[in-house]
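Just target27.cif here, mmCIF, C-alpha atoms:
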data_data
loop_
_atom_site.label_atom_id
_atom_site.label_comp_id
_atom_site.auth_asym_id
_atom_site.auth_seq_id
_atom_site.Cartn_x
_atom_site.Cartn_y
_atom_site.Cartn_z
CA MET A 1 53.70 -32.69 -71.71
CA ASN A 2 56.24 -32.48 -68.94
CA ILE A 3 55.52 -28.81 -68.37
CA ARG A 4 51.81 -29.51 -68.17
CA LEU A 5 52.37 -32.23 -65.65
CA MET A 6 54.56 -29.96 -63.57
CA LEU A 7 51.98 -27.17 -63.72
CA LEU A 8 49.28 -29.59 -62.65
CA LEU A 9 51.36 -30.91 -59.78
CA GLY A 10 52.19 -27.36 -58.73
CA LEU A 11 48.53 -26.41 -58.76
CA CYS A 12 47.62 -29.47 -56.71
CA GLY A 13 50.36 -28.59 -54.23
CA LEU A 14 49.07 -25.03 -53.98
CA LEU A 15 45.50 -26.20 -53.41
CA LEU A 16 46.71 -28.64 -50.78
CA THR A 17 48.58 -25.97 -48.82
CA LEU A 18 45.59 -23.63 -49.07
CA SER A 19 43.20 -26.20 -47.68
CA LEU A 20 45.69 -27.19 -44.99
CA GLN A 21 45.94 -23.56 -43.97
CA THR A 22 42.19 -23.13 -43.60
CA PHE A 23 42.04 -26.24 -41.46
CA ALA A 24 44.99 -25.12 -39.39
CA ALA A 25 42.94 -22.25 -38.01
CA GLU A 26 40.29 -24.68 -36.76
CA ASP A 27 42.67 -27.32 -35.54
CA ASN A 28 43.63 -25.31 -32.49
CA TYR A 29 40.47 -26.56 -30.88
CA GLN A 30 40.36 -30.12 -29.60
CA PHE A 31 36.99 -31.82 -29.43
CA GLU A 32 35.97 -34.96 -27.62
CA THR A 33 33.91 -36.41 -30.45
CA PRO A 34 34.04 -36.09 -34.26
CA GLN A 35 30.36 -35.04 -34.13
CA GLN A 36 31.27 -32.06 -31.98
CA ARG A 37 33.99 -31.15 -34.44
CA MET A 38 31.57 -31.37 -37.38
CA LEU A 39 29.09 -29.19 -35.50
CA PHE A 40 31.84 -26.67 -34.85
CA LEU A 41 32.73 -26.54 -38.56
CA ASP A 42 29.03 -26.24 -39.49
CA LEU A 43 28.32 -23.49 -37.01
CA THR A 44 31.37 -21.40 -37.86
CA ALA A 45 30.30 -21.58 -41.51
CA GLU A 46 26.74 -20.46 -40.72
CA LEU A 47 27.47 -17.71 -38.21
CA ARG A 48 28.16 -14.38 -39.79
CA CYS A 49 30.99 -12.10 -38.73
CA PRO A 50 29.37 -8.90 -37.35
CA MET A 51 32.42 -6.78 -38.16
CA CYS A 52 33.10 -7.73 -41.77
CA GLN A 53 30.50 -7.61 -44.49
CA ASN A 54 29.43 -11.03 -45.72
CA GLN A 55 32.02 -13.34 -44.31
CA ASN A 56 31.28 -16.19 -41.99
CA ILE A 57 33.33 -16.49 -38.82
CA ALA A 58 35.28 -19.47 -40.18
CA ASP A 59 36.56 -17.40 -43.11
CA SER A 60 37.20 -14.14 -41.36
CA ASP A 61 40.44 -13.18 -39.69
CA ALA A 62 38.88 -10.27 -37.78
CA MET A 63 39.48 -10.21 -34.05
CA ILE A 64 35.79 -10.66 -33.33
CA ALA A 65 35.66 -13.75 -35.58
CA HIS A 66 38.58 -15.27 -33.63
CA ASP A 67 36.78 -14.59 -30.39
CA MET A 68 33.50 -15.99 -31.68
CA ARG A 69 35.16 -19.19 -32.92
CA ARG A 70 36.70 -19.68 -29.52
CA LYS A 71 33.37 -19.03 -27.84
CA VAL A 72 31.58 -21.52 -30.12
CA ALA A 73 34.21 -24.16 -29.30
CA GLN A 74 33.87 -23.43 -25.57
CA LEU A 75 30.09 -23.61 -25.64
CA LEU A 76 30.11 -26.90 -27.58
CA LYS A 77 32.51 -28.39 -25.03
CA GLN A 78 30.13 -27.28 -22.31
CA GLY A 79 27.45 -29.37 -24.02
CA TYR A 80 25.49 -26.62 -25.79
CA SER A 81 23.35 -27.84 -28.67
CA ARG A 82 23.41 -26.30 -32.13
CA GLU A 83 20.30 -24.19 -31.43
CA GLN A 84 21.63 -23.05 -28.07
CA VAL A 85 24.86 -21.77 -29.62
CA ILE A 86 22.93 -19.90 -32.32
CA ASP A 87 20.63 -18.35 -29.70
CA TYR A 88 23.64 -17.39 -27.57
CA MET A 89 25.12 -15.45 -30.47
CA LYS A 90 21.75 -13.95 -31.48
CA ASP A 91 21.27 -12.69 -27.91
CA ARG A 92 24.45 -10.67 -28.33
CA TYR A 93 24.63 -9.75 -32.00
CA GLY A 94 21.02 -9.95 -33.15
CA ASP A 95 19.52 -11.85 -36.08
CA PHE A 96 22.29 -10.45 -38.28
CA VAL A 97 24.75 -12.97 -36.88
CA TYR A 98 23.01 -16.02 -38.39
CA TYR A 99 22.75 -16.47 -42.14
CA GLN A 100 19.25 -17.98 -42.02
CA PRO A 101 16.88 -15.06 -41.42
CA PRO A 102 13.92 -15.65 -39.09
CA VAL A 103 10.39 -15.31 -40.49
CA THR A 104 9.01 -12.01 -39.20
CA ALA A 105 6.50 -9.48 -40.49
CA ALA A 106 9.37 -7.68 -42.23
CA THR A 107 11.10 -10.72 -43.74
CA VAL A 108 8.08 -12.85 -44.67
CA TRP A 109 8.09 -11.02 -48.04
CA LEU A 110 11.29 -12.82 -48.99
CA TRP A 111 9.25 -16.01 -49.26
CA ALA A 112 5.86 -14.54 -50.11
CA LEU A 113 6.82 -12.22 -52.98
CA PRO A 114 8.09 -14.91 -55.39
CA VAL A 115 4.98 -17.03 -54.72
CA ILE A 116 2.69 -14.02 -55.22
CA PHE A 117 4.50 -13.17 -58.43
CA VAL A 118 4.15 -16.70 -59.84
CA LEU A 119 0.45 -16.84 -58.91
CA PHE A 120 -0.17 -13.43 -60.45
CA ALA A 121 1.63 -14.40 -63.65
CA ALA A 122 -0.31 -17.67 -63.85
CA LEU A 123 -3.56 -15.74 -63.45
CA VAL A 124 -2.64 -13.32 -66.23
CA ILE A 125 -1.70 -16.17 -68.59
CA ALA A 126 -4.85 -18.15 -67.77
CA ARG A 127 -7.06 -15.12 -68.43
CA ARG A 128 -5.35 -14.34 -71.70
CA LYS A 129 -5.79 -17.91 -72.97
CA SER A 130 -9.47 -18.13 -72.08
CA GLN A 131 -10.26 -14.89 -73.94
CA PRO A 132 -11.63 -15.32 -77.48
CA PRO A 133 -9.49 -13.84 -80.27
CA LEU A 134 -9.91 -10.09 -80.41
CA VAL A 135 -12.72 -8.74 -82.60
CA ASP A 136 -10.72 -6.02 -84.26
CA GLU A 137 -8.16 -8.62 -85.28
CA ALA A 138 -10.90 -10.44 -87.19
CA GLU A 139 -11.93 -7.15 -88.78
CA ARG A 140 -8.40 -6.42 -89.84
CA LEU A 141 -8.07 -9.86 -91.38
CA ALA A 142 -11.26 -9.25 -93.37
CA LYS A 143 -9.88 -5.89 -94.50
CA ALA A 144 -6.65 -7.52 -95.61
CA ASP A 145 -8.55 -10.18 -97.51
CA LYS A 146 -10.52 -7.47 -99.32
CA LEU A 147 -7.32 -5.70 -100.27
CA LEU A 148 -5.89 -8.93 -101.58
CA GLU A 149 -9.00 -9.58 -103.61
CA LYS A 150 -8.78 -6.13 -105.20
CA GLU A 151 -5.31 -6.74 -106.50
CA MET B 1 -9.48 1.88 -68.71
CA LYS B 2 -7.18 -0.98 -69.56
CA LYS B 3 -4.64 1.35 -71.11
CA LEU B 4 -4.66 3.47 -67.96
CA GLY B 5 -3.94 0.33 -65.91
CA LEU B 6 -1.05 -0.56 -68.20
CA PHE B 7 0.34 2.92 -67.61
CA ILE B 8 -0.22 3.13 -63.86
CA LEU B 9 0.92 -0.37 -62.90
CA PRO B 10 4.51 -0.08 -64.20
CA LEU B 11 4.71 3.51 -62.97
CA GLY B 12 3.61 2.41 -59.50
CA LEU B 13 6.13 -0.44 -59.50
CA PHE B 14 8.85 1.93 -60.65
CA MET B 15 8.06 4.43 -57.90
CA LEU B 16 8.06 1.67 -55.26
CA ILE B 17 11.45 0.38 -56.37
CA ALA B 18 12.82 3.92 -56.66
CA VAL B 19 11.81 4.78 -53.09
CA PHE B 20 13.27 1.50 -51.81
CA LEU B 21 16.59 2.02 -53.59
CA TYR B 22 16.73 5.72 -52.65
CA GLN B 23 16.53 4.77 -48.98
CA GLY B 24 19.34 2.30 -49.56
CA LEU B 25 21.57 5.14 -50.79
CA TYR B 26 21.53 6.79 -47.38
CA SER B 27 21.33 3.78 -45.08
CA ASN B 28 24.43 2.77 -43.19
CA PRO B 29 25.37 -0.84 -43.98
CA ARG B 30 27.44 -1.02 -40.80
CA GLU B 31 24.53 -0.18 -38.57
CA ARG B 32 23.48 -3.08 -36.36
CA GLN B 33 20.71 -3.51 -33.92
CA SER B 34 22.20 -3.48 -30.42
CA MET B 35 20.89 -6.26 -28.21
CA VAL B 36 22.30 -4.76 -25.01
CA LEU B 37 20.56 -1.41 -25.45
CA ASP B 38 18.20 -0.61 -22.53
CA ASN B 39 19.46 -3.68 -20.69
CA PRO B 40 21.73 -3.78 -17.64
CA VAL B 41 25.44 -4.26 -18.25
CA PRO B 42 26.08 -8.05 -18.26
CA ASP B 43 27.69 -9.48 -15.16
CA PHE B 44 31.49 -9.49 -15.07
CA SER B 45 34.41 -9.67 -12.69
CA LEU B 46 37.56 -8.35 -14.36
CA PRO B 47 40.90 -6.92 -13.25
CA ASP B 48 42.23 -3.39 -13.61
CA LEU B 49 44.62 -3.08 -16.54
CA MET B 50 47.29 -1.24 -14.58
CA ALA B 51 46.77 -2.86 -11.18
CA PRO B 52 45.48 -6.42 -11.81
CA GLN B 53 44.96 -7.09 -8.10
CA THR B 54 41.97 -4.72 -8.23
CA THR B 55 38.78 -6.37 -9.49
CA TYR B 56 35.77 -4.61 -10.98
CA THR B 57 32.14 -5.74 -11.19
CA PRO B 58 29.07 -3.98 -12.70
CA ASP B 59 28.83 -2.09 -9.36
CA VAL B 60 31.37 0.41 -10.74
CA PHE B 61 28.51 1.92 -12.78
CA ASN B 62 26.18 2.47 -9.82
CA GLY B 63 25.28 6.04 -8.90
CA GLN B 64 27.04 7.82 -11.77
CA VAL B 65 26.48 8.27 -15.48
CA THR B 66 29.46 6.68 -17.25
CA LEU B 67 30.89 6.43 -20.72
CA LEU B 68 32.38 2.98 -21.28
CA ASN B 69 34.91 3.22 -24.12
CA VAL B 70 36.20 0.03 -25.77
CA TRP B 71 39.75 0.60 -26.98
CA GLY B 72 43.27 -0.77 -27.43
CA VAL B 73 46.70 0.62 -28.27
CA TRP B 74 46.65 -1.35 -31.56
CA CYS B 75 43.55 0.53 -32.74
CA VAL B 76 44.25 3.57 -34.91
CA THR B 77 40.81 5.14 -34.65
CA CYS B 78 41.00 4.90 -30.85
CA ALA B 79 44.15 7.02 -30.94
CA VAL B 80 42.28 9.58 -33.04
CA GLU B 81 39.43 9.91 -30.54
CA LEU B 82 41.61 10.02 -27.39
CA PRO B 83 42.08 13.83 -27.45
CA TYR B 84 38.36 14.41 -27.84
CA LEU B 85 37.53 11.97 -25.05
CA THR B 86 40.09 13.77 -22.88
CA SER B 87 38.32 17.06 -23.52
CA LEU B 88 35.06 15.40 -22.43
CA ARG B 89 36.73 14.29 -19.20
CA GLU B 90 37.84 17.87 -18.61
CA GLN B 91 34.18 18.88 -18.92
CA GLY B 92 33.39 16.45 -16.11
CA VAL B 93 32.25 13.34 -18.00
CA ARG B 94 33.18 10.10 -16.26
CA ILE B 95 34.89 7.81 -18.77
CA VAL B 96 35.93 4.23 -18.05
CA GLY B 97 38.03 2.24 -20.51
CA LEU B 98 37.34 -1.36 -21.48
CA TYR B 99 40.71 -2.57 -22.68
CA TYR B 100 40.31 -4.79 -25.73
CA ASP B 101 43.47 -6.36 -27.11
CA GLN B 102 44.14 -9.66 -28.82
CA ASP B 103 47.93 -9.39 -28.58
CA LEU B 104 47.49 -9.78 -24.86
CA ASP B 105 45.26 -12.86 -25.04
CA PRO B 106 46.29 -15.71 -22.74
CA ASP B 107 45.52 -18.20 -25.55
CA PHE B 108 47.10 -16.66 -28.63
CA GLY B 109 48.61 -13.34 -27.69
CA ASP B 110 52.30 -12.62 -28.08
CA LYS B 111 52.74 -9.71 -25.68
CA THR B 112 53.14 -9.59 -21.93
CA LEU B 113 50.96 -7.52 -19.66
CA SER B 114 53.86 -5.28 -18.60
CA GLU B 115 54.71 -4.55 -22.27
CA VAL B 116 51.14 -3.48 -22.94
CA GLN B 117 50.97 -1.46 -19.72
CA GLN B 118 54.02 0.47 -20.92
CA GLU B 119 52.44 1.06 -24.35
CA VAL B 120 49.24 2.26 -22.72
CA THR B 121 51.12 4.63 -20.43
CA ASP B 122 53.09 6.05 -23.37
CA MET B 123 50.03 6.50 -25.55
CA LEU B 124 47.93 8.14 -22.86
CA SER B 125 50.70 10.57 -21.91
CA ASP B 126 51.09 11.46 -25.61
CA LEU B 127 47.44 11.91 -26.57
CA GLY B 128 45.67 12.55 -23.27
CA ASN B 129 44.18 10.24 -20.67
CA PRO B 130 40.38 10.34 -20.59
CA TYR B 131 40.01 7.29 -18.34
CA GLN B 132 39.24 7.10 -14.63
CA PHE B 133 40.48 3.52 -14.88
CA ASN B 134 40.70 0.70 -17.43
CA ILE B 135 38.90 -2.62 -17.10
CA TYR B 136 41.07 -5.33 -18.64
CA ASP B 137 38.81 -7.66 -20.64
CA VAL B 138 41.15 -10.65 -20.48
CA TYR B 139 39.28 -13.07 -22.79
CA ARG B 140 37.05 -10.34 -24.25
CA ASP B 141 34.02 -12.11 -22.78
CA LEU B 142 32.50 -8.88 -21.53
CA SER B 143 32.96 -7.35 -24.99
CA LEU B 144 31.21 -10.35 -26.52
CA ASP B 145 28.37 -10.05 -23.99
CA LEU B 146 28.04 -6.36 -24.83
CA GLY B 147 27.86 -7.13 -28.54
CA VAL B 148 31.11 -5.33 -29.33
CA THR B 149 32.21 -5.89 -32.93
CA GLY B 150 35.55 -4.09 -32.77
CA ALA B 151 37.23 -1.02 -31.38
CA PRO B 152 36.39 1.75 -30.84
CA GLU B 153 32.89 1.45 -29.46
CA THR B 154 31.32 3.56 -26.74
CA PHE B 155 28.44 2.89 -24.36
CA LEU B 156 26.55 5.44 -22.30
CA ILE B 157 25.60 3.71 -19.06
CA ASP B 158 23.16 5.31 -16.63
CA HIS B 159 23.42 5.50 -12.82
CA ASN B 160 21.54 2.19 -12.50
CA GLY B 161 24.00 0.35 -14.74
CA VAL B 162 21.65 0.24 -17.74
CA VAL B 163 23.06 0.77 -21.26
CA ARG B 164 21.35 3.79 -22.83
CA VAL B 165 23.46 4.41 -25.96
CA HIS B 166 25.63 1.99 -27.94
CA HIS B 167 27.82 3.65 -30.55
CA ILE B 168 30.02 1.77 -33.04
CA GLY B 169 32.97 3.78 -34.36
CA ASP B 170 34.79 6.84 -33.12
CA LEU B 171 33.30 9.42 -30.80
CA ASN B 172 33.74 12.98 -32.04
CA SER B 173 31.98 16.27 -31.34
CA ARG B 174 29.33 15.63 -34.00
CA VAL B 175 28.45 12.18 -32.65
CA TRP B 176 28.51 13.51 -29.09
CA ARG B 177 26.08 16.32 -29.93
CA SER B 178 23.64 14.19 -31.88
CA LYS B 179 23.78 10.83 -30.15
CA PHE B 180 25.09 11.24 -26.61
CA ALA B 181 24.57 14.78 -25.29
CA PRO B 182 20.71 14.77 -25.11
CA MET B 183 20.64 11.50 -23.16
CA TYR B 184 23.62 12.50 -21.02
CA GLN B 185 22.02 15.79 -20.02
CA GLN B 186 18.70 14.16 -19.28
CA LEU B 187 20.32 11.50 -17.09
CA SER B 188 22.44 14.08 -15.27
CA SER B 189 19.39 16.19 -14.46
CA ASP B 190 17.53 13.04 -13.33
CA ILE B 191 20.28 12.41 -10.80
CA GLN B 192 20.15 16.00 -9.55
CA VAL B 193 16.40 15.79 -9.01
CA GLY B 194 17.00 12.51 -7.24
CA MET B 195 15.05 10.22 -9.53
CA PRO B 196 15.82 6.52 -9.09
#
Take the structure from the file and write it as structure tokens.
Amino acid sequence: MNIRLMLLLGLCGLLLTLSLQTFAAEDNYQFETPQQRMLFLDLTAELRCPMCQNQNIADSDAMIAHDMRRKVAQLLKQGYSREQVIDYMKDRYGDFVYYQPPVTAATVWLWALPVIFVLFAALVIARRKSQPPLVDEAERLAKADKLLEKE
Amino acid sequence: MKKLGLFILPLGLFMLIAVFLYQGLYSNPRERQSMVLDNPVPDFSLPDLMAPQTTYTPDVFNGQVTLLNVWGVWCVTCAVELPYLTSLREQGVRIVGLYYDQDLDPDFGDKTLSEVQQEVTDMLSDLGNPYQFNIYDVYRDLSLDLGVTGAPETFLIDHNGVVRVHHIGDLNSRVWRSKFAPMYQQLSSDIQVGMP
């Protein structure tokens, strides 16, 4: 029991230090309002590091992620809105930099394909149900009956 | 007829997926669209790395075709490409360095400018100095405006200050031949003919 408790406490301690560490990186930036701080945390989680594959700039320790975090903080302090910060980064790093892809001719399939698939499947199922039972199945049943009768 | 459909439909789907995945095999996941391509170099006013009292603006690109090379002494790949860049300089290519270093950052760096100047001098005397001069990107704002993701990166900038090539990664003879040389030669001959 004691060992379990100690393990649990140790784990909690570890988790606590981990979470403190992740916040420490952000805490270098002072914001005037808690809203601004929340926006900063949101944006750094949604902006994608252009150097590292699939990490947001809050998670990444790459030099470019450092620089982008600082830039986001600067822009927010200058009164940029959420959309303005995203556009600022897109102007420099393209659509890649934001996790939500824009709807374009090339990306519209991401939304359209699942819908098309569901509709197509529904159509197939509906057609199958409305069809009368197959004729040759009836024939085969008759044949089987005959065989049974013979025995 | 129905059986034929049942045969062709999955086959068609399979072929479509196969082509899609086959392309994926040879696509470069690090390739990014460059937003600065075919646009003028963003405005800047930055000091020289070695002589900070000198200030540079985008005017330094006027009238000459220039390679702008983003580098730092901390960057291993940059050290690898220095000799090749030096050989390009010897062939008459104008190369300007954009010095990109976090250790030197006024906010969170832990090195002084004179320390880094010494490191730069040592490295360039060891491996060759391709640079006419180095622009010191103090807060790396210019790099951010150029869409730089790391070092090394190289830009080919024409005589009007417009970015014509943006290359991520090291510059070697293969990359030069395929990506830079055609554009460089065309721009150089444009200047000789006197085209604007």
Apply the PyMOL selection byres ((chain A) within 6 of (chain B)) to the structure shown and report the selected residues as number ranges by chain.
A: 51, 64, 92-93
When you look at range 126-131 of chain B with a cut-off of 9 Å (counting only C-alpha atoms), what residues show up, excluding the ones that are within fewer than 2 positions of it in the same chain? I need them as a CSV table (one decimal) with C-alpha atoms, in the frame of the given file.
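Result written to part29.csv:
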chain,number,residue,atom,x,y,z
B,69,ASN,CA,34.9,3.2,-24.1
B,79,ALA,CA,44.2,7.0,-30.9
B,80,VAL,CA,42.3,9.6,-33.0
B,82,LEU,CA,41.6,10.0,-27.4
B,83,PRO,CA,42.1,13.8,-27.4
B,84,TYR,CA,38.4,14.4,-27.8
B,85,LEU,CA,37.5,12.0,-25.0
B,86,THR,CA,40.1,13.8,-22.9
B,87,SER,CA,38.3,17.1,-23.5
B,88,LEU,CA,35.1,15.4,-22.4
B,89,ARG,CA,36.7,14.3,-19.2
B,90,GLU,CA,37.8,17.9,-18.6
B,94,ARG,CA,33.2,10.1,-16.3
B,95,ILE,CA,34.9,7.8,-18.8
B,96,VAL,CA,35.9,4.2,-18.0
B,97,GLY,CA,38.0,2.2,-20.5
B,121,THR,CA,51.1,4.6,-20.4
B,122,ASP,CA,53.1,6.0,-23.4
B,123,MET,CA,50.0,6.5,-25.6
B,124,LEU,CA,47.9,8.1,-22.9
B,133,PHE,CA,40.5,3.5,-14.9
B,134,ASN,CA,40.7,0.7,-17.4
Restricting to all atoms listed in the file, whichever of B:Pro40, B:Gly63, B:Gly109, B:Pro152 is closest to His167 in chain B is B:Pro152
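Between Leu47 in chain A and the residues A:Gln30, A:Gln100, A:Ser130, A:Ser81, the shortest atom-to-atom distance, using all atoms listed in the file, involves A:Gln100.
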What does the PyMOL selection byres ((chain B and resi 45) around 6) select in this file, as a count of residues only?
4
Could you state the separation of CA of Phe117 in chain A and CA of Pro10 in chain B in Å, given to one decimal place?
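Pair CA of Phe117 in chain A / CA of Pro10 in chain B returns 14.3 Å.
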Just so the selection is clear, what residues does the PyMOL selection byres ((chain A and resi 60) around 12) cover here, as a ChimeraX atom specification?
/A:22,25-26,44-45,47-59,61-69
Just give me the residues with any atom within 9 Å of (29.1, -0.8, -12.6), file coordinates, counting all atoms listed in the file, written as a list of chain:residue names.
B:Val41, B:Tyr56, B:Thr57, B:Pro58, B:Asp59, B:Val60, B:Phe61, B:Asn62, B:Gly63, B:Gln64, B:Thr66, B:Ile157, B:His159, B:Asn160, B:Gly161
Å distance separating CA of Trp109 in chain A from CA of Lys3 in chain B, one decimal place:
29.1 Å
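Minimum distance to Leu104 in chain B across B:Cys78, B:Ala51, B:Val138, B:Ile191 (counting all atoms listed in the file) occurs at B:Val138.
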What does the distance between CA of Arg70 in chain A and CA of Arg37 in chain A come to in Å, to one decimal place?
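Distance between the two atoms: 12.8 Å.
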